[in-house]
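The next block holds one structure in the form of structure tokens; read it before the comments.
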Amino acid sequence: MNHSTLTTTVFSGVPRTLLLTTRARVDEHYRLHSILHDPMIAEWWPALTWDPVLDGLYQPLSQLGWALRAHIFDEIVQRHLAVQPQAVVVELGAGLSTRYYRVGQQSHYWLELDLPEVIHLRQQFETESDRYRLIPRSVVDWSWLDEVPDGPPEQLLILAEGLLMYLEPDEVQTFITQLKQRFAGATLVFDAVGGLTRGRTAKQLASLDAPLKWFINHERDLTAMGLTVVEARSLIQEMCHYRDHIGVYRWVPWLSKLPPLRNSSLLIESRV
């Protein structure tokens, strides 16, 4: 397919933000000593239209954070596939994720779920198969649960990257409850925000009609929601390992242990 001939949609609301994380991976792909390589998204990118309204949110630290978050999720997928050769992986709110092509082709079955307008765009770039499917549905349309193949729950890996913070708190709780009822013992990997993210970033996203709605103060909050936290990592602290990327923000490591900064973005691996 000649991607240069595609007409892309100008999204509104939360789907608009997918360009931020997509551009972060493209820029990282071309960076010397990059954190991750993503040739598929680099191939798609010229056919997409950047929304200049997003300029204020796209800064060097945010680019690093989104690229590193993607890389950490990739590592978790690779670890899961290494011990579960019949693994089923579900990416919720997938946006323009190309994780399947980076690390997922050894999975037994892979599902990508997002809103219909996003899946329509994806269908212009890629083709489904008997092991790889695109589902045009909202995560709070619980009928998607029926699309997950039957199998031992320990084989199931559910990814929610950059998604749950856009849901209402009661929707997040219902989401967790639904997973526990259907897939108890499965692995759920997601990121959650709090701390400093409640401030300037939240205001910027709200101005784009993509408000953040669910915040946590600490990973301990998740236990009361019914999750067993296997590992919690602070994205800001993880970023500190990449000092050559941080540049003028070399002050970050000194502050990253402070709770408002440490808890601004947490990467959570959990059992449901």
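Chain lettering (A, B, ...) mirrors the order of the structure tokens, residue numbering begins at 1 for each chain separately, and ligand numbering begins at 1 in order of display.
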Which region 202-250 of chain A residues have any atom within 8 Å of an atom of region 150-167 of chain A, and for each, what is the nearest pair of atoms with distance in Å to one decimal, counting only C-alpha atoms, rows sorted by chain and number, as CSV?
residue,atom,partner,partner_atom,distance
A:Ala210,CA,A:Tyr166,CA,7.3
A:Pro211,CA,A:Tyr166,CA,6.5
A:Leu212,CA,A:Tyr166,CA,4.9
A:Lys213,CA,A:Tyr166,CA,5.4
A:Trp214,CA,A:Met165,CA,4.7
A:Phe215,CA,A:Met165,CA,6.6
*asked:* Run DSSP on the backbone and tell me which residues of region 64-233 of chain A come out as strand (DSSP E); list them as a ChimeraX atom specification.
replied: /A:88-92,109-114,132-136,156-160,187-193,228-233
Store the residues picked out above in a file with C-alpha atoms, as a CSV table (one decimal), in the first residue's frame.
chain,number,residue,atom,x,y,z
A,88,VAL,CA,-2.9,-14.0,24.4
A,89,VAL,CA,-2.2,-10.2,24.5
A,90,VAL,CA,-4.9,-7.5,24.5
A,91,GLU,CA,-3.9,-3.9,23.9
A,92,LEU,CA,-6.6,-1.5,25.1
A,109,TYR,CA,-3.2,-14.4,19.6
A,110,TRP,CA,-3.1,-10.5,19.7
A,111,LEU,CA,-6.0,-8.1,19.9
A,112,GLU,CA,-5.9,-4.3,19.5
A,113,LEU,CA,-8.9,-2.3,20.7
A,114,ASP,CA,-9.7,1.3,20.2
A,132,TYR,CA,-4.0,-10.5,14.9
A,133,ARG,CA,-7.2,-8.6,15.2
A,134,LEU,CA,-8.3,-4.9,15.4
A,135,ILE,CA,-11.5,-4.3,17.4
A,136,PRO,CA,-13.4,-1.0,16.9
A,156,LEU,CA,-3.5,-13.6,29.3
A,157,LEU,CA,-1.7,-10.3,29.2
A,158,ILE,CA,-3.8,-7.1,29.1
A,159,LEU,CA,-2.1,-3.8,28.3
A,160,ALA,CA,-3.6,-0.4,29.0
A,187,THR,CA,-1.7,-9.9,34.2
A,188,LEU,CA,-2.8,-6.3,33.7
A,189,VAL,CA,-0.1,-3.7,32.9
A,190,PHE,CA,-1.0,0.0,32.8
A,191,ASP,CA,0.2,3.4,33.8
A,192,ALA,CA,-1.5,5.7,36.4
A,193,VAL,CA,-0.9,9.4,37.0
A,228,THR,CA,-2.3,-7.3,43.4
A,229,VAL,CA,0.6,-5.1,42.5
A,230,VAL,CA,3.5,-7.1,41.2
A,231,GLU,CA,5.8,-4.2,40.4
A,232,ALA,CA,5.4,-0.4,40.4
A,233,ARG,CA,8.0,1.8,38.6
_Which of region 64-175 of chain A DSSP labels alpha helix (DSSP H), written as a VMD selection string_ = chain A and resid 64 to 83 99 116 to 123 169 to 175
*Could you state the separation of CA of Arg137 (chain A) and CA of Leu115 (chain A) in Å, given to one decimal place?*
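We find that CA of Arg137 (chain A) and CA of Leu115 (chain A) lie 5.0 Å from each other.
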_Given only C-alpha atoms as the counted atoms, nearest of A:Arg23, A:His108, A:Arg102, A:Arg122 to Asp51 (chain A)_ =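 Smallest separation from Asp51 (chain A) among the options: A:Arg23.
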_Just want the 12 Å neighbourhood of region 194-207 of chain A, counted on only C-alpha atoms, with same-chain residues fewer than 3 positions away dropped. Output as a PyMOL selection string._
chain A and resi 12-17+20+53-59+62+165-166+191+210-219+221+234-236+256-267
*Kindly indicate which residue among A:Met40, A:Leu64, A:Ala224, A:Val272 lies nearest to Glu28 (chain A), using only C-alpha atoms for the distances.*
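Comparing A:Met40, A:Leu64, A:Ala224, A:Val272 against Glu28 (chain A), the winner is A:Leu64.
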